[in-house]
$ cat entry09.tsv   # TSV, C-alpha atoms
chain	number	residue	atom	x	y	z
J	1	MET	CA	-13.10	124.59	90.34
J	2	SER	CA	-12.15	123.86	86.69
J	3	SER	CA	-10.79	120.42	85.84
J	4	ARG	CA	-7.38	122.01	85.16
J	5	SER	CA	-7.37	123.70	88.57
J	6	ALA	CA	-8.40	120.41	90.15
J	7	ILE	CA	-5.51	118.56	88.49
J	8	SER	CA	-3.17	121.35	89.54
J	9	ALA	CA	-4.27	121.21	93.17
J	10	LEU	CA	-4.02	117.42	93.20
J	11	VAL	CA	-0.54	117.36	91.68
J	12	LEU	CA	0.84	120.12	93.87
J	13	LEU	CA	-0.62	118.63	97.03
J	14	SER	CA	0.63	115.15	96.33
J	15	ALA	CA	4.13	116.26	95.30
J	16	GLY	CA	6.57	115.14	97.97
J	17	LEU	CA	10.17	115.93	98.76
J	18	LEU	CA	12.73	114.18	96.62
J	19	THR	CA	14.39	111.35	98.49
J	20	ALA	CA	18.13	110.87	98.32
J	21	THR	CA	19.21	108.73	95.41
J	22	GLU	CA	22.49	107.34	94.12
J	23	PRO	CA	24.61	109.74	92.05
J	24	LEU	CA	24.92	109.21	88.32
J	25	THR	CA	27.93	107.25	87.16
J	26	LYS	CA	30.46	108.75	84.73
J	27	GLU	CA	29.15	106.37	82.06
J	28	GLN	CA	25.58	107.57	82.62
J	29	ILE	CA	26.69	111.21	82.35
J	30	LYS	CA	28.56	110.38	79.16
J	31	SER	CA	25.50	108.66	77.70
J	32	ALA	CA	23.21	111.64	78.35
J	33	VAL	CA	21.08	112.63	75.37
J	34	LEU	CA	21.44	116.15	73.96
J	35	SER	CA	18.17	117.11	72.33
J	36	GLU	CA	18.22	120.62	70.91
J	37	ALA	CA	14.49	121.11	71.55
J	38	VAL	CA	14.92	120.70	75.32
J	39	THR	CA	18.67	120.88	76.05
J	40	ILE	CA	18.99	124.46	74.81
J	41	PRO	CA	16.95	126.95	76.86
J	42	THR	CA	14.86	129.60	75.11
J	43	PRO	CA	15.80	133.28	75.44
J	44	GLY	CA	12.57	133.53	77.47
J	45	GLU	CA	14.01	131.27	80.19
J	46	PHE	CA	17.19	133.31	80.30
J	47	PHE	CA	15.20	136.55	80.60
J	48	ALA	CA	12.92	135.10	83.30
J	49	ALA	CA	16.01	134.33	85.40
J	50	MET	CA	17.27	137.88	84.82
J	51	ASP	CA	13.94	139.20	86.08
J	52	GLU	CA	14.46	137.22	89.30
J	53	GLN	CA	17.97	138.54	89.91
J	54	GLY	CA	17.75	142.12	88.65
J	55	GLN	CA	15.16	144.60	87.43
J	56	PRO	CA	15.88	144.97	83.74
J	57	ASN	CA	14.05	147.78	82.00
J	58	TRP	CA	12.92	145.71	79.03
J	59	THR	CA	11.27	148.67	77.31
J	60	GLN	CA	14.62	150.44	77.22
J	61	MET	CA	16.38	147.26	76.18
J	62	PHE	CA	14.03	146.53	73.28
J	63	ALA	CA	15.99	147.88	70.30
J	64	PRO	CA	15.01	145.44	67.54
J	65	LYS	CA	17.42	144.59	64.76
J	66	THR	CA	16.47	144.76	61.10
J	67	ALA	CA	17.77	142.18	58.65
J	68	GLY	CA	20.19	143.65	56.13
J	69	ALA	CA	19.88	142.61	52.48
J	70	THR	CA	21.71	139.38	51.86
J	71	ALA	CA	21.50	136.37	49.59
J	72	SER	CA	23.31	134.17	52.09
J	73	ARG	CA	20.92	131.55	53.48
J	74	GLU	CA	23.28	130.98	56.40
J	75	GLN	CA	23.14	134.65	57.35
J	76	MET	CA	19.34	134.66	57.00
J	77	ALA	CA	19.07	131.66	59.32
J	78	LEU	CA	21.26	133.37	61.94
J	79	MET	CA	19.18	136.54	61.58
J	80	LEU	CA	15.98	134.55	62.03
J	81	GLY	CA	17.32	133.45	65.42
J	82	VAL	CA	18.20	137.06	66.32
J	83	LEU	CA	14.63	138.10	65.49
J	84	VAL	CA	13.16	135.30	67.61
J	85	ALA	CA	15.18	136.58	70.59
J	86	ASP	CA	13.95	140.11	69.79
J	87	GLY	CA	10.41	138.75	69.96
J	88	TYR	CA	11.06	137.50	73.52
J	89	ILE	CA	12.48	140.92	74.49
J	90	ALA	CA	9.35	142.60	73.10
J	91	VAL	CA	7.24	140.19	75.18
J	92	GLU	CA	9.26	141.04	78.32
J	93	ALA	CA	8.74	144.73	77.51
J	94	GLN	CA	5.02	143.96	77.03
J	95	ASP	CA	5.22	145.88	73.76
J	96	GLY	CA	2.36	144.51	71.64
J	97	GLN	CA	3.25	146.54	68.53
J	98	GLY	CA	6.90	145.53	68.92
J	99	VAL	CA	5.91	141.85	69.03
J	100	LYS	CA	3.75	142.26	65.91
J	101	ASN	CA	6.55	144.03	64.00
J	102	THR	CA	9.10	141.40	65.02
J	103	GLY	CA	6.66	138.61	64.12
J	104	LYS	CA	6.23	140.19	60.67
J	105	GLU	CA	10.02	140.36	60.21
J	106	ILE	CA	10.32	136.69	61.22
J	107	ILE	CA	7.69	135.62	58.70
J	108	ASN	CA	9.20	137.76	55.90
J	109	LEU	CA	12.61	136.23	56.47
J	110	ALA	CA	11.14	132.73	56.80
J	111	LYS	CA	9.41	133.21	53.41
J	112	LYS	CA	12.79	134.03	51.83
J	113	LEU	CA	14.00	130.69	53.17
J	114	ASN	CA	10.96	129.00	51.55
J	115	VAL	CA	9.53	127.61	54.76
J	116	SER	CA	6.10	125.99	54.73
J	117	GLN	CA	2.70	127.66	54.92
J	118	SER	CA	2.24	126.38	58.48
J	119	VAL	CA	4.98	128.76	59.65
J	120	ILE	CA	3.32	131.67	57.92
J	121	SER	CA	0.06	130.98	59.74
J	122	ARG	CA	2.00	131.26	63.02
J	123	GLY	CA	2.43	134.96	62.16
J	124	ASN	CA	-1.34	135.40	62.47
J	125	SER	CA	-1.36	133.73	65.89
J	126	ILE	CA	1.46	136.01	67.08
J	127	ASN	CA	-0.62	139.02	65.96
J	128	ASP	CA	-3.74	137.72	67.72
J	129	PHE	CA	-1.95	137.05	71.00
J	130	ALA	CA	-0.18	140.44	70.82
J	131	GLU	CA	-3.55	142.11	70.20
J	132	ASN	CA	-4.86	140.53	73.41
J	133	ASN	CA	-1.66	141.17	75.43
J	134	ASP	CA	-1.44	137.43	76.11
J	135	TRP	CA	2.26	137.47	77.00
J	136	SER	CA	2.40	133.92	78.31
J	137	ALA	CA	0.86	132.52	75.11
J	138	LEU	CA	3.25	134.68	73.07
J	139	ARG	CA	6.30	133.10	74.74
J	140	GLU	CA	4.99	129.66	73.78
J	141	GLU	CA	4.06	130.83	70.28
J	142	LEU	CA	7.53	132.28	69.65
J	143	GLU	CA	9.15	129.00	70.60
J	144	ALA	CA	6.60	127.06	68.54
J	145	THR	CA	7.29	129.33	65.55
J	146	GLN	CA	11.02	128.78	65.91
J	147	ASN	CA	10.50	125.01	66.13
J	148	GLU	CA	8.17	125.06	63.11
J	149	VAL	CA	10.76	127.00	61.08
J	150	LYS	CA	13.42	124.44	62.04
J	151	LEU	CA	11.13	121.53	61.15
J	152	SER	CA	10.30	123.10	57.80
J	153	MET	CA	14.01	123.67	57.11
J	154	ALA	CA	14.79	120.06	57.96
J	155	GLU	CA	11.97	118.82	55.71
J	156	GLN	CA	13.25	120.79	52.73
J	157	LYS	CA	16.78	119.44	53.16
J	158	ASP	CA	18.04	122.63	54.78
J	159	LYS	CA	18.80	120.83	58.04
J	160	ASP	CA	22.25	122.39	58.18
J	161	LEU	CA	20.60	125.78	58.64
J	162	VAL	CA	18.59	124.66	61.68
J	163	ILE	CA	21.46	125.05	64.15
J	164	LEU	CA	22.10	128.57	62.84
J	165	VAL	CA	18.63	129.67	64.01
J	166	THR	CA	19.47	128.39	67.50
J	167	VAL	CA	22.91	130.03	67.40
J	168	GLY	CA	21.43	133.38	66.28
J	169	ALA	CA	18.87	133.36	69.10
J	170	TRP	CA	21.51	132.43	71.69
J	171	ILE	CA	23.90	135.17	70.50
J	172	ARG	CA	21.20	137.85	70.60
J	173	GLY	CA	19.89	136.72	74.01
J	174	THR	CA	23.41	136.69	75.41
J	175	GLN	CA	24.19	140.10	73.91
J	176	VAL	CA	21.19	141.71	75.59
J	177	ALA	CA	21.81	139.91	78.89
J	178	SER	CA	25.57	140.59	79.04
J	179	ASP	CA	25.02	144.26	78.19
J	180	PHE	CA	22.58	144.57	81.11
J	181	ILE	CA	24.83	142.59	83.47
J	182	SER	CA	27.92	144.63	82.57
J	183	LYS	CA	26.04	147.79	83.55
J	184	ASN	CA	24.46	146.26	86.69
J	185	TYR	CA	27.08	143.74	87.78
J	186	SER	CA	26.28	141.32	90.60
J	187	PRO	CA	27.68	137.79	91.08
J	188	GLY	CA	24.13	136.38	90.87
J	189	LEU	CA	23.47	137.97	87.49
J	190	ALA	CA	26.95	137.14	86.19
J	191	GLY	CA	26.35	133.50	87.15
J	192	LEU	CA	23.57	133.37	84.54
J	193	LEU	CA	26.17	133.77	81.80
J	194	ARG	CA	27.99	130.67	82.94
J	195	GLN	CA	26.80	128.45	80.08
J	196	PRO	CA	29.84	126.46	78.88
J	197	ALA	CA	27.78	123.36	78.04
J	198	ILE	CA	25.56	125.37	75.69
J	199	VAL	CA	28.52	126.98	73.91
J	200	GLU	CA	30.21	123.58	73.60
J	201	TYR	CA	27.02	122.12	72.11
J	202	LEU	CA	26.64	124.98	69.61
J	203	LEU	CA	30.29	124.72	68.57
J	204	ALA	CA	30.00	120.95	68.11
J	205	GLN	CA	26.91	121.36	65.94
J	206	LEU	CA	28.53	124.12	63.87
J	207	GLY	CA	31.54	121.85	63.43
J	208	MET	CA	29.27	119.26	61.81
J	209	MET	CA	28.06	121.64	59.11
J	210	PRO	CA	29.34	121.03	55.56
J	211	GLU	CA	32.83	122.42	55.02
J	212	ARG	CA	31.60	124.84	52.36
J	213	MET	CA	29.28	126.47	54.93
J	214	GLN	CA	31.96	126.57	57.60
J	215	LYS	CA	34.19	128.45	55.15
J	216	GLU	CA	31.65	131.29	54.84
J	217	PRO	CA	33.33	134.29	56.51
J	218	LEU	CA	30.36	134.96	58.83
J	219	ILE	CA	30.12	131.33	59.98
J	220	SER	CA	33.83	131.12	60.56
J	221	GLU	CA	33.67	134.38	62.55
J	222	VAL	CA	30.81	132.97	64.65
J	223	GLN	CA	32.83	129.81	65.37
J	224	GLN	CA	35.95	131.76	66.27
J	225	LYS	CA	34.09	134.14	68.60
J	226	LEU	CA	32.13	131.34	70.26
J	227	ARG	CA	35.44	129.56	70.97
J	228	ALA	CA	36.73	132.73	72.64
J	229	THR	CA	33.45	133.05	74.57
J	230	LEU	CA	33.76	129.46	75.81
J	231	GLU	CA	37.01	130.39	77.55
J	232	LEU	CA	35.24	133.26	79.32
J	233	VAL	CA	32.12	131.39	80.44
J	234	HIS	CA	33.89	128.20	81.53
J	235	THR	CA	34.55	129.19	85.15
J	236	LYS	CA	35.76	126.74	87.77
J	237	ASP	CA	33.50	125.40	90.55
J	238	ARG	CA	30.45	127.23	89.25
J	239	THR	CA	31.90	130.64	90.15
J	240	PRO	CA	30.28	133.58	88.38
J	241	LEU	CA	32.04	135.46	85.59
J	242	SER	CA	34.20	138.43	86.62
J	243	PRO	CA	33.09	141.96	85.59
J	244	GLU	CA	35.91	141.97	82.99
J	245	ALA	CA	34.75	138.66	81.52
J	246	VAL	CA	31.16	139.94	81.34
J	247	ASN	CA	32.37	143.06	79.47
J	248	GLU	CA	34.29	140.90	77.04
J	249	VAL	CA	31.31	138.60	76.40
J	250	SER	CA	29.18	141.71	75.87
J	251	SER	CA	31.51	143.26	73.27
J	252	THR	CA	31.99	139.91	71.47
J	253	MET	CA	28.22	139.37	71.22
J	254	ASP	CA	27.74	143.00	70.11
J	255	SER	CA	30.08	142.60	67.19
J	256	LEU	CA	28.50	139.27	66.22
J	257	VAL	CA	24.94	140.63	66.24
J	258	ASN	CA	26.03	143.64	64.16
J	259	ASP	CA	27.70	141.40	61.60
J	260	ILE	CA	24.70	139.08	61.42
J	261	ALA	CA	22.31	142.01	60.86
J	262	LYS	CA	24.59	143.76	58.38
J	263	GLY	CA	23.73	143.48	54.68
J	264	HIS	CA	26.28	142.10	52.25
J	265	LYS	CA	26.40	143.81	48.84
J	266	GLU	CA	28.58	141.09	47.39
J	267	SER	CA	26.04	138.35	48.27
D	1	MET	CA	7.68	92.49	39.03
D	2	LYS	CA	7.37	90.18	42.03
D	3	THR	CA	10.45	91.84	43.63
D	4	LEU	CA	8.92	95.26	43.08
D	5	GLY	CA	5.72	94.09	44.73
D	6	ILE	CA	7.63	92.80	47.76
D	7	LEU	CA	9.58	96.06	47.97
D	8	LEU	CA	6.39	98.14	47.83
D	9	LEU	CA	4.74	95.94	50.45
D	10	SER	CA	7.79	96.23	52.76
D	11	ALA	CA	7.86	99.99	52.27
D	12	SER	CA	4.17	100.31	53.11
D	13	ILE	CA	4.62	98.13	56.24
D	14	LEU	CA	7.55	100.32	57.31
D	15	CYS	CA	5.55	103.49	56.70
D	16	ALA	CA	2.59	102.09	58.66
D	17	GLN	CA	4.94	101.17	61.53
D	18	GLU	CA	6.48	104.66	61.52
D	19	ALA	CA	3.03	106.25	61.51
D	20	GLN	CA	2.02	104.00	64.43
D	21	ASP	CA	5.19	104.94	66.40
D	22	SER	CA	4.59	108.60	65.73
D	23	ARG	CA	0.91	108.30	66.83
D	24	GLU	CA	1.94	106.56	70.06
D	25	ARG	CA	4.54	109.20	70.88
D	26	SER	CA	2.00	111.91	70.23
D	27	THR	CA	-0.38	110.17	72.65
D	28	ALA	CA	2.38	110.10	75.27
D	29	ARG	CA	2.85	113.79	74.54
D	30	SER	CA	-0.85	114.53	75.11
D	31	LYS	CA	-0.65	112.62	78.39
D	32	VAL	CA	2.39	114.54	79.60
D	33	LEU	CA	0.94	117.88	78.52
D	34	GLU	CA	-2.09	117.12	80.68
D	35	LEU	CA	0.21	116.69	83.68
D	36	ALA	CA	2.32	119.74	82.81
D	37	SER	CA	-0.82	121.88	82.51
D	38	ALA	CA	-1.21	121.44	86.29
D	39	PHE	CA	2.01	123.42	86.74
D	40	ALA	CA	1.01	125.92	84.05
D	41	ASN	CA	-1.91	126.73	86.28
D	42	ASP	CA	0.62	127.72	88.92
D	43	GLY	CA	2.37	130.17	86.57
D	44	PHE	CA	4.84	127.76	84.94
D	45	LYS	CA	5.42	128.18	81.21
D	46	ILE	CA	5.54	124.90	79.27
D	47	ARG	CA	8.34	124.58	76.71
D	48	ASP	CA	7.10	123.72	73.22
D	49	GLY	CA	10.04	121.37	72.70
D	50	TYR	CA	9.79	117.84	74.06
D	51	TRP	CA	11.89	114.68	74.37
D	52	SER	CA	10.41	111.33	73.41
D	53	GLY	CA	11.56	107.78	72.87
D	54	VAL	CA	11.25	104.28	74.24
D	55	LEU	CA	11.85	103.38	77.88
D	56	GLU	CA	12.90	99.88	78.90
D	57	PRO	CA	13.08	98.24	82.34
D	58	GLY	CA	16.56	98.59	83.87
D	59	LYS	CA	17.66	101.08	81.21
D	60	PRO	CA	17.11	104.61	82.53
D	61	GLN	CA	17.24	107.43	79.98
D	62	ILE	CA	19.31	110.50	80.78
D	63	LEU	CA	18.83	113.94	79.26
D	64	ALA	CA	21.19	116.93	79.55
D	65	VAL	CA	19.51	120.27	80.22
D	66	ASN	CA	20.72	123.78	81.05
D	67	LEU	CA	19.04	125.53	83.92
D	68	PHE	CA	19.24	129.05	85.35
D	69	ALA	CA	19.52	129.92	89.04
D	70	GLY	CA	16.51	132.03	90.00
D	71	ASN	CA	14.06	130.03	87.87
D	72	ALA	CA	11.91	127.18	89.18
D	73	TYR	CA	11.46	124.10	86.99
D	74	TRP	CA	9.15	121.10	86.73
D	75	PHE	CA	10.15	118.15	84.54
D	76	SER	CA	7.09	116.07	83.65
D	77	ALA	CA	7.07	112.67	81.98
D	78	ALA	CA	4.44	110.18	80.86
D	79	ALA	CA	4.66	106.73	79.32
D	80	LEU	CA	2.05	104.59	77.61
D	81	ALA	CA	0.98	101.06	78.57
D	82	PRO	CA	2.49	98.61	79.38
D	83	ALA	CA	4.55	101.05	81.51
D	84	LYS	CA	3.09	101.13	85.03
D	85	LYS	CA	5.31	103.36	87.14
D	86	LEU	CA	7.86	106.04	86.24
D	87	SER	CA	10.33	108.11	88.20
D	88	VAL	CA	11.99	111.42	87.31
D	89	ALA	CA	15.09	112.69	89.14
D	90	LEU	CA	17.46	115.63	88.71
D	91	PHE	CA	21.27	115.63	89.05
D	92	ASP	CA	23.86	118.41	88.89
D	93	GLU	CA	26.74	118.59	86.40
D	94	ASN	CA	28.81	116.20	88.54
D	95	GLY	CA	25.99	113.68	88.73
D	96	ARG	CA	25.01	114.46	92.33
D	97	PRO	CA	21.26	114.28	93.09
D	98	VAL	CA	19.52	117.64	93.40
D	99	ASP	CA	16.92	118.09	96.14
D	100	GLY	CA	13.46	119.09	95.08
D	101	LYS	CA	9.88	117.91	94.87
D	102	VAL	CA	8.59	114.80	93.19
D	103	TYR	CA	5.20	113.73	91.94
D	104	GLN	CA	4.36	110.18	90.90
D	105	GLU	CA	1.07	108.70	89.77
D	106	GLY	CA	1.08	105.51	87.70
D	107	ALA	CA	2.88	106.02	84.42
D	108	THR	CA	3.27	109.76	84.98
D	109	ALA	CA	5.89	111.44	87.13
D	110	ALA	CA	7.42	114.87	87.67
D	111	ALA	CA	10.34	116.44	89.50
D	112	GLY	CA	10.48	120.08	90.58
D	113	VAL	CA	13.71	121.95	91.35
D	114	LEU	CA	15.04	125.38	92.22
D	115	PRO	CA	18.65	125.26	90.97
D	116	ASP	CA	21.11	127.17	93.16
D	117	ALA	CA	23.59	127.63	90.30
D	118	SER	CA	23.20	128.08	86.56
D	119	GLY	CA	24.64	125.45	84.27
D	120	ARG	CA	24.24	121.89	83.11
D	121	TYR	CA	21.97	119.40	84.88
D	122	PHE	CA	20.80	115.89	84.05
D	123	VAL	CA	17.28	114.48	84.13
D	124	ARG	CA	17.00	110.73	84.74
D	125	LEU	CA	13.84	109.02	83.60
D	126	GLU	CA	13.34	105.48	84.82
D	127	LEU	CA	10.74	102.78	84.27
D	128	VAL	CA	10.13	101.48	87.80
D	129	GLU	CA	7.35	99.01	86.93
D	130	GLY	CA	5.97	97.66	83.69
D	131	ASP	CA	7.41	96.88	80.29
D	132	LYS	CA	9.03	98.67	77.36
D	133	ALA	CA	6.91	101.67	76.35
D	134	ASP	CA	6.93	105.00	74.55
D	135	PHE	CA	7.53	108.04	76.73
D	136	CYS	CA	7.47	111.80	76.41
D	137	LEU	CA	9.04	114.44	78.66
D	138	VAL	CA	8.41	118.18	78.73
D	139	TYR	CA	9.55	120.85	81.14
D	140	SER	CA	8.09	124.04	82.50
D	141	TYR	CA	9.75	127.04	84.13
D	142	LYS	CA	8.87	130.24	85.94
$ encode --input "entry09.tsv" --output "structure tokens"
Amino acid sequence: MSSRSAISALVLLSAGLLTATEPLTKEQIKSAVLSEAVTIPTPGEFFAAMDEQGQPNWTQMFAPKTAGATASREQMALMLGVLVADGYIAVEAQDGQGVKNTGKEIINLAKKLNVSQSVISRGNSINDFAENNDWSALREELEATQNEVKLSMAEQKDKDLVILVTVGAWIRGTQVASDFISKNYSPGLAGLLRQPAIVEYLLAQLGMMPERMQKEPLISEVQQKLRATLELVHTKDRTPLSPEAVNEVSSTMDSLVNDIAKGHKES
Amino acid sequence: MKTLGILLLSASILCAQEAQDSRERSTARSKVLELASAFANDGFKIRDGYWSGVLEPGKPQILAVNLFAGNAYWFSAAALAPAKKLSVALFDENGRPVDGKVYQEGATAAAGVLPDASGRYFVRLELVEGDKADFCLVYSYK
């Protein structure tokens, strides 16, 4: 037995049932920390839950987006997030070539945003893992690449762009998921779209961006459509979204992804 | 000249302190990754993102997370000395405790849950025994 297996066996055997504990107070709930790196789930987590509740045909669903020509750094950051989500879809589809192509697109776009060399070397790791069909490692590598891009952006005083990468990935993940759920509706699947806290967090972060960025037509469209989405995903008593609400989320996300991927001649 | 010297000395002390803090957190991270790898062996994927900070007696830290029904999760935490005993617990969006599994061994602890609804949850990390120490928390899902 390897040392890792031994630790695993020990931990799993000694894990006991959680004993009842006092509820959190309102003050404690209010004081909860929101840390983007752990509070916002990856598209991979979302897709794993979809796998449990439905049987998505990921190969059919993998229709990667290509970044349109733009000089807008905000649009590039959003597109970077879209591509990261595409990477997760390619992993779900177990499409090695698709992962490599998406990884290449991510690195090309990251270069345009002048991110550090360390991000670029991540591209090589993505290729190596894809070559070996190491899907589990690829999920971790995609998240690590996204985090590295964000860190590099923050280091070069582009910290306002960081949230846009997260927003882009969330929009793309939600587009793919809501499209599947609208065609295969079940309350269990629709419940996965109930993410008001995430939308609230994204809106709050976008609201903290400099005014000049918020005035960009694409950013203002994202804010407006996320506000409309919040109304749809904020259901009472944890009830799942209705089929109509799922359709509306799906068409809203569709239009957002298309606008993010679209090139802008005037830029 | 003397003022400049004092400023430079203060800056280097601050930098050294920051480097020390960062080293300690990264040690707590190594420790927690060792624990989380036990779950990885059982098919759980470890998130690259982590949450770190300082834990004090009587001052639990609370983190908001978003979980999906259908997934299983393990939240693992580790603290450095002089922390002696930690506890990790999960609560739903209204602050009610969520049933699940717990693991506790010295200054490492973990809580495992299978959420029955998607949405916001809270992780409470508490220093049960010992003194103020750096901690790191990661989570895994499958």
$ residues_around --input "entry09.tsv" --residues "Asp254 (chain J)" --least-positions-apart "4" --cutoff "7 Å" --atoms "all atoms listed in the file" --output "PDB file with C-alpha atoms, in the frame of the given file"
ATOM      1  CA  GLN J 175      24.190 140.100  73.910  1.00  0.00           C
ATOM      2  CA  SER J 250      29.180 141.710  75.870  1.00  0.00           C
ATOM      3  CA  ASN J 258      26.030 143.640  64.160  1.00  0.00           C
TER       4      ASN J 258
END
$ residues_around --input "entry09.tsv" --residues "region 80-90 of chain J" --least-positions-apart "2" --cutoff "7 Å" --atoms "all atoms listed in the file" --output "PyMOL selection string"
chain J and resi 43-44+58+62+64+76-78+92-95+98-99+102-103+106+109+139+142+165-169+172-173
$ write_last_selection --input "entry09.tsv" --atoms "C-alpha atoms" --output "mmCIF file, in the frame of the given file"
data_model
loop_
_atom_site.group_PDB
_atom_site.id
_atom_site.type_symbol
_atom_site.label_atom_id
_atom_site.label_comp_id
_atom_site.auth_asym_id
_atom_site.auth_seq_id
_atom_site.Cartn_x
_atom_site.Cartn_y
_atom_site.Cartn_z
ATOM 1 C CA PRO J 43 15.800 133.280 75.440
ATOM 2 C CA GLY J 44 12.570 133.530 77.470
ATOM 3 C CA TRP J 58 12.920 145.710 79.030
ATOM 4 C CA PHE J 62 14.030 146.530 73.280
ATOM 5 C CA PRO J 64 15.010 145.440 67.540
ATOM 6 C CA MET J 76 19.340 134.660 57.000
ATOM 7 C CA ALA J 77 19.070 131.660 59.320
ATOM 8 C CA LEU J 78 21.260 133.370 61.940
ATOM 9 C CA GLU J 92 9.260 141.040 78.320
ATOM 10 C CA ALA J 93 8.740 144.730 77.510
ATOM 11 C CA GLN J 94 5.020 143.960 77.030
ATOM 12 C CA ASP J 95 5.220 145.880 73.760
ATOM 13 C CA GLY J 98 6.900 145.530 68.920
ATOM 14 C CA VAL J 99 5.910 141.850 69.030
ATOM 15 C CA THR J 102 9.100 141.400 65.020
ATOM 16 C CA GLY J 103 6.660 138.610 64.120
ATOM 17 C CA ILE J 106 10.320 136.690 61.220
ATOM 18 C CA LEU J 109 12.610 136.230 56.470
ATOM 19 C CA ARG J 139 6.300 133.100 74.740
ATOM 20 C CA LEU J 142 7.530 132.280 69.650
ATOM 21 C CA VAL J 165 18.630 129.670 64.010
ATOM 22 C CA THR J 166 19.470 128.390 67.500
ATOM 23 C CA VAL J 167 22.910 130.030 67.400
ATOM 24 C CA GLY J 168 21.430 133.380 66.280
ATOM 25 C CA ALA J 169 18.870 133.360 69.100
ATOM 26 C CA ARG J 172 21.200 137.850 70.600
ATOM 27 C CA GLY J 173 19.890 136.720 74.010
#
$ residues_around --input "entry09.tsv" --residues "Arg47 (chain D)" --least-positions-apart "3" --cutoff "7 Å" --atoms "all atoms listed in the file" --output "number ranges by chain"
J: 140; D: 138-140
$ atom_distance --input "entry09.tsv" --atom1 "CA of Glu216 (chain J)" --atom2 "CA of Glu74 (chain J)"
8.5 Å
$ interface_residues --input "entry09.tsv" --of "chain D" --to "chain J" --cutoff "7 Å" --atoms "all atoms listed in the file" --output "number ranges by chain"
D: 38-39, 41, 47-51, 62-66, 68-71, 95-97, 99-103, 117-120, 142
$ atom_distance --input "entry09.tsv" --atom1 "CA of Ile46 (chain D)" --atom2 "CA of Tyr141 (chain D)"
6.8 Å
$ atom_distance --input "entry09.tsv" --atom1 "CA of Tyr73 (chain D)" --atom2 "CA of Val113 (chain D)"
5.4 Å
$ residues_near_point --input "entry09.tsv" --point "(16.4, 108.9, 80.8)" --cutoff "10 Å" --atoms "all atoms listed in the file" --output "PyMOL selection string"
(chain J and resi 28+31-33) or (chain D and resi 51-56+59-64+87-89+122-127+135+137)
$ residues_around --input "entry09.tsv" --residues "Thr108 (chain D)" --least-positions-apart "4" --cutoff "8 Å" --atoms "only C-alpha atoms" --output "PyMOL selection string"
chain D and resi 32+35+76-79+85-87+104
$ residues_near_point --input "entry09.tsv" --point "(1.7, 99.9, 84.5)" --cutoff "7 Å" --atoms "all atoms listed in the file" --output "VMD selection string"
chain D and resid 81 to 85 106 to 107 129 to 130
$ closest_residue --input "entry09.tsv" --among "D:Pro115, D:Tyr121, D:Ala109, D:Phe75" --to "Glu93 (chain D)" --atoms "only C-alpha atoms"
D:Tyr121
$ residues_around --input "entry09.tsv" --residues "Tyr185 (chain J)" --least-positions-apart "5" --cutoff "9 Å" --atoms "all atoms listed in the file" --output "list of chain:residue names"
J:Phe180, J:Ala190, J:Ser242, J:Pro243, J:Val246
